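Structure data (TSV, C-alpha atoms) from target.tsv:
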```
chain	number	residue	atom	x	y	z
A	250	MET	CA	-4.29	2.26	44.11
A	251	ASP	CA	-7.00	0.49	46.12
A	252	ASP	CA	-10.09	-1.37	44.87
A	253	ASN	CA	-12.36	1.68	45.19
A	254	ALA	CA	-10.02	3.82	43.09
A	255	LEU	CA	-9.87	1.08	40.43
A	256	MET	CA	-13.68	0.84	40.39
A	257	ASN	CA	-14.01	4.61	40.00
A	258	LEU	CA	-11.58	4.63	37.07
A	259	ARG	CA	-13.54	1.86	35.36
A	260	LYS	CA	-16.77	3.79	35.86
A	261	GLU	CA	-15.09	6.81	34.27
A	262	ILE	CA	-14.04	4.68	31.29
A	263	ASP	CA	-17.61	3.36	30.95
A	264	SER	CA	-18.91	6.93	30.89
A	265	ILE	CA	-16.30	7.97	28.30
A	266	ASP	CA	-17.21	4.94	26.16
A	267	ALA	CA	-20.88	5.99	26.19
A	268	ASP	CA	-19.84	9.47	25.02
A	269	LEU	CA	-17.62	7.99	22.31
A	270	ILE	CA	-20.43	5.82	20.94
A	271	ALA	CA	-22.78	8.81	20.80
A	272	LEU	CA	-20.13	10.95	19.08
A	273	LEU	CA	-19.22	8.23	16.57
A	274	ASN	CA	-22.86	7.84	15.62
A	275	ARG	CA	-23.13	11.61	15.16
A	276	ARG	CA	-20.08	11.42	12.90
A	277	TYR	CA	-21.59	8.56	10.89
A	278	GLN	CA	-24.87	10.46	10.48
A	279	ALA	CA	-22.86	13.21	8.78
A	280	VAL	CA	-21.06	10.53	6.75
A	281	GLU	CA	-24.37	9.14	5.49
A	282	ALA	CA	-25.39	12.62	4.31
A	283	ILE	CA	-22.04	12.99	2.52
A	284	GLY	CA	-22.53	9.55	0.98
A	285	GLU	CA	-25.89	10.63	-0.44
A	286	TYR	CA	-24.28	13.78	-1.86
A	287	LYS	CA	-21.52	11.70	-3.51
A	288	ARG	CA	-23.98	9.17	-4.98
A	289	GLU	CA	-26.10	11.91	-6.53
A	290	ARG	CA	-23.02	13.39	-8.22
A	291	HIS	CA	-21.24	10.07	-8.94
A	292	LEU	CA	-18.22	11.10	-6.86
A	293	PRO	CA	-15.65	8.54	-5.62
A	294	ILE	CA	-15.92	7.14	-2.10
A	295	TYR	CA	-12.19	6.98	-1.42
A	296	ASP	CA	-10.50	10.39	-1.27
A	297	PRO	CA	-6.79	10.07	-0.36
A	298	SER	CA	-6.28	13.86	-0.37
A	299	ARG	CA	-9.05	14.35	2.18
A	300	GLN	CA	-7.73	11.46	4.30
A	301	ARG	CA	-4.23	12.95	4.32
A	302	LYS	CA	-5.48	16.38	5.42
A	303	LEU	CA	-7.68	14.78	8.09
A	304	MET	CA	-4.82	12.76	9.57
A	305	GLU	CA	-2.52	15.80	9.57
A	306	ARG	CA	-5.15	17.83	11.44
A	307	LEU	CA	-5.75	15.01	13.94
A	308	GLN	CA	-2.02	14.74	14.60
A	309	THR	CA	-1.96	18.41	15.64
A	310	LEU	CA	-4.89	17.81	18.02
A	311	ASN	CA	-3.36	14.74	19.64
A	312	GLN	CA	-1.65	15.66	22.92
A	313	GLY	CA	-1.00	12.07	24.04
A	314	PRO	CA	-0.53	9.63	25.63
A	315	MET	CA	-1.99	8.12	22.46
A	316	THR	CA	0.87	7.57	20.00
A	317	PRO	CA	0.62	8.60	16.31
A	318	GLU	CA	0.59	4.90	15.37
A	319	ILE	CA	-2.42	4.20	17.61
A	320	LEU	CA	-4.20	7.32	16.33
A	321	HIS	CA	-3.68	6.19	12.75
A	322	ALA	CA	-4.89	2.65	13.46
A	323	VAL	CA	-8.04	3.88	15.25
A	324	TYR	CA	-8.97	6.37	12.53
A	325	ARG	CA	-8.18	3.94	9.74
A	326	GLU	CA	-11.01	1.77	11.07
A	327	ILE	CA	-13.30	4.75	11.70
A	328	MET	CA	-12.81	5.90	8.09
A	329	SER	CA	-13.19	2.33	6.82
A	330	GLY	CA	-16.55	2.12	8.57
A	331	ALA	CA	-17.51	5.50	7.12
A	332	GLN	CA	-16.72	4.33	3.59
A	333	ARG	CA	-18.89	1.25	4.15
A	334	LEU	CA	-21.82	3.45	5.18
A	335	GLU	CA	-21.42	5.50	1.99
A	336	ARG	CA	-21.15	2.36	-0.16
A	337	PRO	CA	-19.37	-0.99	0.41
A	338	LEU	CA	-15.86	-0.69	-1.05
A	339	ARG	CA	-14.10	-3.58	-2.85
A	340	ALA	CA	-10.31	-3.54	-3.00
A	341	ALA	CA	-8.34	-6.10	-5.01
A	342	PHE	CA	-4.76	-7.04	-4.12
A	343	LEU	CA	-2.02	-9.47	-5.07
A	344	GLY	CA	-2.97	-12.57	-3.07
A	345	PRO	CA	-3.28	-14.95	-1.50
A	346	LEU	CA	-4.60	-13.94	1.92
A	347	GLY	CA	-1.91	-13.53	4.53
A	348	THR	CA	0.72	-11.87	2.31
A	349	PHE	CA	2.34	-8.46	2.74
A	350	SER	CA	0.10	-7.14	-0.07
A	351	HIS	CA	-2.88	-8.25	2.02
A	352	GLN	CA	-1.43	-6.46	5.05
A	353	ALA	CA	-0.84	-3.27	3.02
A	354	THR	CA	-4.38	-3.30	1.60
A	355	LEU	CA	-5.79	-3.77	5.10
A	356	ASP	CA	-3.67	-0.85	6.35
A	357	ILE	CA	-5.02	1.37	3.56
A	358	PHE	CA	-8.71	0.47	3.47
A	359	GLY	CA	-9.40	-1.05	6.90
A	360	SER	CA	-11.32	-4.16	7.88
A	361	SER	CA	-14.77	-2.79	6.94
A	362	SER	CA	-13.84	-2.96	3.25
A	363	GLU	CA	-14.19	-6.09	1.15
A	364	LEU	CA	-10.65	-7.23	0.31
A	365	VAL	CA	-10.41	-9.44	-2.78
A	366	PRO	CA	-7.24	-11.50	-3.43
A	367	GLU	CA	-6.13	-11.92	-7.06
A	368	LYS	CA	-3.58	-14.45	-8.31
A	369	THR	CA	-1.38	-12.04	-10.30
A	370	ILE	CA	-0.64	-8.33	-10.68
A	371	PRO	CA	-2.29	-8.24	-14.16
A	372	GLU	CA	-5.47	-9.67	-12.61
A	373	VAL	CA	-5.54	-6.82	-10.08
A	374	PHE	CA	-5.48	-4.36	-13.00
A	375	ARG	CA	-8.18	-6.31	-14.85
A	376	ALA	CA	-10.38	-6.26	-11.74
A	377	ILE	CA	-10.31	-2.46	-11.86
A	378	GLU	CA	-10.87	-2.23	-15.63
A	379	CYS	CA	-13.79	-4.69	-15.49
A	380	GLU	CA	-15.19	-2.94	-12.39
A	381	ARG	CA	-15.05	-6.12	-10.30
A	382	ALA	CA	-13.27	-3.96	-7.73
A	383	ASP	CA	-13.27	-0.25	-6.93
A	384	TYR	CA	-9.56	-0.07	-6.18
A	385	GLY	CA	-6.46	-2.23	-6.30
A	386	CYS	CA	-3.27	-2.43	-4.28
A	387	VAL	CA	-0.07	-3.52	-6.06
A	388	PRO	CA	3.62	-3.41	-5.12
A	389	ILE	CA	5.72	-1.06	-7.22
A	390	GLU	CA	9.18	-1.18	-5.62
A	391	ASN	CA	11.13	-2.60	-2.71
A	392	SER	CA	14.14	-0.99	-1.07
A	393	ALA	CA	16.09	-4.27	-1.32
A	394	GLU	CA	14.75	-5.84	-4.54
A	395	GLY	CA	14.08	-2.76	-6.74
A	396	VAL	CA	11.09	-2.05	-9.00
A	397	ILE	CA	8.31	-4.53	-9.86
A	398	ASN	CA	8.38	-4.70	-13.65
A	399	TYR	CA	4.91	-6.25	-14.02
A	400	THR	CA	3.39	-3.23	-12.30
A	401	LEU	CA	5.23	-0.77	-14.56
A	402	ASP	CA	4.16	-2.66	-17.69
A	403	TRP	CA	0.47	-2.77	-16.73
A	404	LEU	CA	0.38	0.90	-15.78
A	405	VAL	CA	1.24	1.57	-19.44
A	406	ARG	CA	-1.09	-1.02	-20.97
A	407	THR	CA	-4.27	-0.03	-19.14
A	408	SER	CA	-6.32	3.09	-18.48
A	409	VAL	CA	-6.06	2.53	-14.72
A	410	ARG	CA	-4.69	5.50	-12.75
A	411	ILE	CA	-2.54	5.75	-9.62
A	412	THR	CA	-4.71	7.31	-6.89
A	413	ALA	CA	-2.48	6.92	-3.81
A	414	GLU	CA	0.71	5.34	-2.49
A	415	LYS	CA	1.68	3.58	0.72
A	416	TYR	CA	5.12	2.77	2.14
A	417	CYS	CA	5.13	-0.33	4.36
A	418	LYS	CA	8.00	-1.46	6.54
A	419	VAL	CA	8.62	-5.15	5.95
A	420	HIS	CA	8.54	-6.84	9.34
A	421	HIS	CA	8.70	-10.62	9.63
A	422	SER	CA	7.26	-12.59	12.52
A	423	LEU	CA	8.06	-16.12	13.66
A	424	MET	CA	4.73	-17.96	13.96
A	425	ALA	CA	3.81	-21.51	14.94
A	426	LYS	CA	1.33	-23.69	16.81
A	427	CYS	CA	4.09	-25.33	18.82
A	428	LYS	CA	6.55	-23.90	21.33
A	429	ARG	CA	9.71	-22.17	20.14
A	430	ASN	CA	12.02	-24.96	21.32
A	431	GLU	CA	9.90	-27.60	19.54
A	432	ILE	CA	10.36	-26.18	16.03
A	433	LYS	CA	11.89	-28.70	13.60
A	434	ARG	CA	11.25	-26.94	10.28
A	435	ILE	CA	10.49	-23.40	9.11
A	436	TYR	CA	8.53	-22.60	5.96
A	437	SER	CA	8.67	-19.30	4.06
A	438	HIS	CA	9.28	-17.56	0.76
A	439	PRO	CA	12.96	-17.63	-0.39
A	440	GLN	CA	13.26	-13.82	-0.14
A	441	VAL	CA	11.98	-13.87	3.44
A	442	LEU	CA	14.39	-16.64	4.42
A	443	GLY	CA	17.18	-14.55	2.89
A	444	GLN	CA	16.08	-11.41	4.74
A	445	CYS	CA	16.17	-13.35	8.04
A	446	ARG	CA	19.36	-15.33	7.36
A	447	ALA	CA	21.41	-14.02	10.30
A	448	TYR	CA	18.50	-14.51	12.71
A	449	LEU	CA	17.97	-18.08	11.53
A	450	LEU	CA	21.66	-18.97	11.75
A	451	GLU	CA	21.86	-17.65	15.30
A	452	ASN	CA	18.59	-19.07	16.62
A	453	PHE	CA	17.79	-22.12	14.47
A	454	PRO	CA	21.09	-23.42	13.04
A	455	ASN	CA	19.89	-27.05	12.91
A	456	VAL	CA	16.29	-26.47	11.82
A	457	GLU	CA	15.21	-27.43	8.30
A	458	LEU	CA	14.35	-24.40	6.13
A	459	VAL	CA	11.74	-25.08	3.42
A	460	GLU	CA	11.11	-22.64	0.56
A	461	MET	CA	7.50	-21.92	-0.50
A	462	THR	CA	6.01	-19.88	-3.34
A	463	SER	CA	4.42	-17.37	-0.93
A	464	THR	CA	4.39	-16.51	2.77
A	465	ALA	CA	0.66	-17.30	2.85
A	466	TYR	CA	1.16	-20.85	1.59
A	467	ALA	CA	4.01	-21.21	4.07
A	468	ALA	CA	1.74	-20.17	6.94
A	469	GLU	CA	-0.97	-22.57	5.78
A	470	ARG	CA	1.59	-25.42	5.64
A	471	ALA	CA	3.00	-24.59	9.07
A	472	ALA	CA	-0.51	-24.55	10.54
A	473	SER	CA	-1.19	-28.06	9.22
A	474	GLU	CA	1.95	-29.72	10.62
A	475	GLU	CA	3.34	-30.50	14.05
A	476	PHE	CA	6.61	-28.84	15.09
A	477	ALA	CA	6.52	-26.48	12.09
A	478	ALA	CA	6.83	-22.68	12.00
A	479	THR	CA	6.72	-19.93	9.41
A	480	LEU	CA	8.18	-16.47	8.80
A	481	GLY	CA	5.98	-13.77	7.33
A	482	SER	CA	3.43	-11.03	7.85
A	483	PRO	CA	1.65	-10.95	11.25
A	484	VAL	CA	-1.71	-10.84	9.41
A	485	ALA	CA	-1.21	-14.56	8.69
A	486	SER	CA	-1.36	-15.39	12.40
A	487	ASP	CA	-5.09	-14.63	12.61
A	488	LEU	CA	-5.93	-16.30	9.32
A	489	TYR	CA	-4.18	-19.58	10.15
A	490	LYS	CA	-4.52	-19.55	13.96
A	491	LEU	CA	-0.77	-19.32	14.56
A	492	ALA	CA	0.81	-17.87	17.67
A	493	ILE	CA	3.35	-15.09	17.13
A	494	LEU	CA	6.45	-16.34	18.94
A	495	GLU	CA	8.72	-13.43	18.00
A	496	GLU	CA	8.28	-10.19	16.07
A	497	ASN	CA	10.60	-8.17	13.79
A	498	VAL	CA	13.07	-11.00	13.17
A	499	GLU	CA	14.36	-9.53	9.88
A	500	ASP	CA	18.10	-8.76	9.70
A	501	SER	CA	17.57	-5.21	8.37
A	502	SER	CA	15.12	-2.69	9.79
A	503	PHE	CA	15.26	-0.59	6.60
A	504	ASN	CA	13.47	-2.99	4.22
A	505	THR	CA	10.44	-1.14	2.84
A	506	THR	CA	7.95	-1.89	0.08
A	507	ARG	CA	6.09	0.87	-1.75
A	508	PHE	CA	2.55	0.01	-2.80
A	509	LEU	CA	0.29	1.84	-5.24
A	510	VAL	CA	-3.46	2.23	-4.93
A	511	ILE	CA	-4.90	2.06	-8.43
A	512	GLY	CA	-8.39	2.98	-9.63
A	513	ASN	CA	-10.36	4.86	-12.25
A	514	GLN	CA	-10.47	8.25	-10.54
A	515	THR	CA	-8.32	11.37	-10.67
A	516	THR	CA	-7.06	12.44	-7.24
A	517	SER	CA	-7.31	16.11	-6.32
A	518	ARG	CA	-4.42	18.16	-4.93
A	519	SER	CA	-3.46	17.72	-1.29
A	520	GLY	CA	-0.70	20.35	-1.23
A	521	ASP	CA	2.12	17.79	-1.03
A	522	ASP	CA	1.78	15.55	-4.06
A	523	LYS	CA	3.65	13.30	-6.43
A	524	THR	CA	3.08	12.72	-10.14
A	525	SER	CA	4.01	9.53	-12.00
A	526	LEU	CA	4.42	9.53	-15.78
A	527	CYS	CA	6.04	7.57	-18.56
A	528	PHE	CA	7.36	8.42	-22.02
A	529	VAL	CA	9.25	7.00	-24.98
A	530	VAL	CA	11.94	9.17	-26.54
A	531	LYS	CA	12.82	9.18	-30.19
A	532	ASN	CA	15.85	7.02	-30.96
A	533	ARG	CA	18.60	9.63	-31.42
A	534	PRO	CA	21.60	10.90	-29.38
A	535	GLY	CA	20.73	13.20	-26.48
A	536	ALA	CA	17.00	12.45	-26.67
A	537	LEU	CA	16.64	11.52	-22.98
A	538	TYR	CA	18.57	14.61	-21.85
A	539	GLU	CA	16.32	16.82	-23.96
A	540	ALA	CA	13.21	15.06	-22.67
A	541	LEU	CA	14.12	15.79	-19.06
A	542	GLU	CA	15.17	19.38	-19.72
A	543	PRO	CA	11.66	20.83	-19.04
A	544	PHE	CA	11.80	19.40	-15.51
A	545	ARG	CA	15.16	21.08	-14.90
A	546	ARG	CA	13.90	24.41	-16.18
A	547	ALA	CA	10.82	24.21	-13.95
A	548	LYS	CA	13.01	23.15	-10.97
A	549	LEU	CA	10.93	20.02	-10.45
A	550	GLN	CA	12.47	17.31	-8.27
A	551	MET	CA	12.44	13.76	-9.62
A	552	THR	CA	12.29	10.98	-7.01
A	553	MET	CA	12.51	7.99	-9.36
A	554	ILE	CA	13.48	7.19	-12.95
A	555	GLU	CA	13.36	3.67	-14.39
A	556	SER	CA	13.39	2.23	-17.89
A	557	ARG	CA	11.69	-0.77	-19.51
A	558	PRO	CA	11.93	-2.10	-23.06
A	559	TRP	CA	9.15	-0.55	-25.16
A	560	GLN	CA	6.99	-3.48	-26.26
A	561	GLN	CA	4.66	-1.64	-28.65
A	562	GLN	CA	6.98	-1.98	-31.63
A	563	ALA	CA	10.13	-3.79	-32.77
A	564	GLY	CA	13.55	-2.36	-32.00
A	565	TRP	CA	15.49	-1.46	-28.90
A	566	GLU	CA	13.52	1.52	-27.68
A	567	TYR	CA	12.81	2.14	-24.02
A	568	CYS	CA	9.93	3.51	-22.01
A	569	PHE	CA	11.07	5.71	-19.13
A	570	PHE	CA	9.10	5.97	-15.88
A	571	VAL	CA	9.46	9.10	-13.76
A	572	ASP	CA	8.11	10.16	-10.37
A	573	LEU	CA	8.35	13.87	-9.59
A	574	LEU	CA	7.15	16.12	-6.80
A	575	GLY	CA	4.04	18.15	-7.59
A	576	HIS	CA	0.52	17.61	-8.93
A	577	ARG	CA	-0.43	17.46	-12.61
A	578	ASP	CA	-2.69	20.49	-12.02
A	579	ASP	CA	0.23	22.59	-10.73
A	580	ALA	CA	1.23	25.12	-13.40
A	581	ALA	CA	4.92	24.14	-13.35
A	582	VAL	CA	4.16	20.40	-13.69
A	583	SER	CA	1.51	20.95	-16.37
A	584	GLU	CA	3.77	23.14	-18.51
A	585	ALA	CA	6.79	20.83	-18.18
A	586	CYS	CA	4.70	17.79	-19.13
A	587	ALA	CA	3.29	19.62	-22.16
A	588	ASP	CA	6.84	20.45	-23.33
A	589	LEU	CA	7.94	16.84	-22.85
A	590	GLU	CA	4.92	15.46	-24.72
A	591	LYS	CA	5.72	17.58	-27.79
A	592	ASN	CA	9.05	15.79	-28.31
A	593	ALA	CA	8.11	12.28	-27.11
A	594	ALA	CA	7.13	9.31	-29.26
A	595	PHE	CA	4.74	8.32	-26.47
A	596	PHE	CA	3.68	10.12	-23.29
A	597	LYS	CA	1.26	9.26	-20.46
A	598	ILE	CA	0.56	10.66	-17.00
A	599	LEU	CA	-0.05	7.64	-14.75
A	600	GLY	CA	-1.50	9.64	-11.87
A	601	SER	CA	-1.06	12.43	-9.33
A	602	TYR	CA	-1.61	11.59	-5.66
A	603	PRO	CA	-0.64	12.62	-2.11
A	604	ARG	CA	3.02	11.96	-1.33
A	605	MET	CA	3.55	9.53	1.51
A	606	GLY	CA	6.72	8.75	3.47
```
Turn the structure described in the file into structure tokens.
Amino acid sequence: MDDNALMNLRKEIDSIDADLIALLNRRYQAVEAIGEYKRERHLPIYDPSRQRKLMERLQTLNQGPMTPEILHAVYREIMSGAQRLERPLRAAFLGPLGTFSHQATLDIFGSSSELVPEKTIPEVFRAIECERADYGCVPIENSAEGVINYTLDWLVRTSVRITAEKYCKVHHSLMAKCKRNEIKRIYSHPQVLGQCRAYLLENFPNVELVEMTSTAYAAERAASEEFAATLGSPVASDLYKLAILEENVEDSSFNTTRFLVIGNQTTSRSGDDKTSLCFVVKNRPGALYEALEPFRRAKLQMTMIESRPWQQQAGWEYCFFVDLLGHRDDAAVSEACADLEKNAAFFKILGSYPRMG
């Protein structure tokens, strides 16, 4: 390619960019009209069912070379901007800034939303109940560590509903302000250090490893010291002006955390949904088997079942949490839940929402 060919290609890109700006503004004009319609009828801004259908349709239109990951990232920001035009959206998450919960919330709502860190999982729920935030993002389970009990407990205690879910691969990056060969100590959360143990032994056998209460605090500490590094989410690199020296340094590529989006709305059917519910069975032999029998009869597939001590009264009773495929408005799900509720000491549907992989 010569200089003239390069110049012509850049002119073509400039022309395409002009078309893109015009088309995006046309799209946002339609968004503003939709926003007015929603405000008049008090409808929610965030619609995970609509977003799922939109992304599925866009995937069928994409012929490359744009990858699905790039397509998703671009449209996440386009939709985030659209939501801001309708009404600024506030999303609370388990902080501080720079954690994997922060990264997950950013992946869900985009950078045009106002992301609000909270100190604890209960405070994320309270932010929704008190309407300090429109939505919240909380971890519910990790493929290595299991379920997050605080999240289960507060789903029962509050009126907050599950409106969406998000699975995030846990990737750790090595970040520092110094060069790789100058690192004398590495800060991170104990779980992260454990998940990168083989990498650290091979690459930094003589470097001091310092445990911190969160990956965000670790990044902040590393940014303030000479010859210090941190392991954690890449989002921390921008916040604390750290260079990413190496990506994906975790020992296992299968570590995944499932996050829930919580809010006060009921999510409509997408066609491929999941329903979360909980119940307390009466304390007698075979009660759990009988409680689950309606799901077997309806041929409903359960994807998770967990138990927690029931804290509403004395005695060793348990609250069971179930995820199953289908929406609460599906006839089979609705009928099975009604049968279960008849024989349960306590029953609650926590939410129906699009199923994500």
Legend entry - Shell around Ile283 in chain A at 8 Å using all atoms listed in the file, local window under 4 positions removed, as number ranges by chain: A: 279, 287, 335
Inset, instruction - Step by step: start from the point (-8.4, -5.9, -6.2) in the file's coordinates, keep every protein, DNA or RNA residue that has an atom no farther than 12 Å from it, count only C-alpha atoms, and write the set as a count of residues only. - result: 43
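With all atoms listed in the file as the atoms that count, the minimum distance from Ile554 in chain A to the choices A:Val484, A:Cys586, A:Val571, A:Leu303 is reached by A:Val571.
The space between CA of Ser361 in chain A and CA of Gln332 in chain A spans 8.1 Å.
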Legend entry - Protein, DNA and RNA residues within 10 Å of (11.5, -16.7, 2.3), only C-alpha atoms, as a count of residues only: 24
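Between CA of Ala581 in chain A and CA of Leu404 in chain A lies a distance of 23.8 Å.
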Legend entry - Test item: residues at most 6 Å from range 595-604 of chain A, all atoms listed in the file, excluding those fewer than 3 positions along its chain, as a PyMOL selection string: chain A and resi 410-413+516+519+521-529+576+590
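Going from CA of Met551 in chain A over to CA of Arg577 in chain A, you cover 13.7 Å.
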What are the centre and edge lengths in Å, to one decimal, of the axis-aligned box around all listed atoms of range 429-438 of chain A with 4 Å added on each side, as JSON?
```
{"center_x": 10.3, "center_y": -23.1, "center_z": 11.0, "size_x": 11.5, "size_y": 19.1, "size_z": 28.6}
```
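Proximity ranking of A:Glu542, A:Glu305, A:Asp356, A:Glu414 relative to Glu326 in chain A places A:Asp356 first, based on all atoms listed in the file.
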Inset, instruction - Write out as an NGL selection string each polymer residue whose atoms come within 8 Å of range 396-402 of chain A, counting only C-alpha atoms; drop sequence neighbours fewer than 3 positions from it. - result: :A and (370-371 or 387-391 or 405-406 or 557 or 570)
Legend entry - Nearest residue to Ser422 in chain A from the set A:Ala353, A:Val409, A:Leu494, A:Ala468 (distances using only C-alpha atoms): A:Leu494
Inset, instruction - Considering all atoms listed in the file, return as a ChimeraX atom specification whatever protein or nucleic-acid residues lie within 12 Å of Arg306 in chain A, sequence-local ones (same chain, fewer than 6 positions apart) excluded. - result: /A:299-300,317,320-321
Please save C-alpha atoms of the selected residues as an mmCIF file, in the frame of the given file.
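Below is the file that was written, out17.cif:
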```cif
data_model
loop_
_atom_site.group_PDB
_atom_site.id
_atom_site.type_symbol
_atom_site.label_atom_id
_atom_site.label_comp_id
_atom_site.auth_asym_id
_atom_site.auth_seq_id
_atom_site.Cartn_x
_atom_site.Cartn_y
_atom_site.Cartn_z
ATOM 1 C CA ARG A 299 -9.050 14.350 2.180
ATOM 2 C CA GLN A 300 -7.730 11.460 4.300
ATOM 3 C CA PRO A 317 0.620 8.600 16.310
ATOM 4 C CA LEU A 320 -4.200 7.320 16.330
ATOM 5 C CA HIS A 321 -3.680 6.190 12.750
#
```
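Nearest to Asn274 in chain A of all the residues A:Leu334, A:Asn592, A:Ala465, A:Tyr416 is A:Leu334, based on all atoms listed in the file.
Nearest to Arg545 in chain A of all the residues A:Ala593, A:Val530, A:Leu573, A:Ala425 is A:Leu573, counting all atoms listed in the file.
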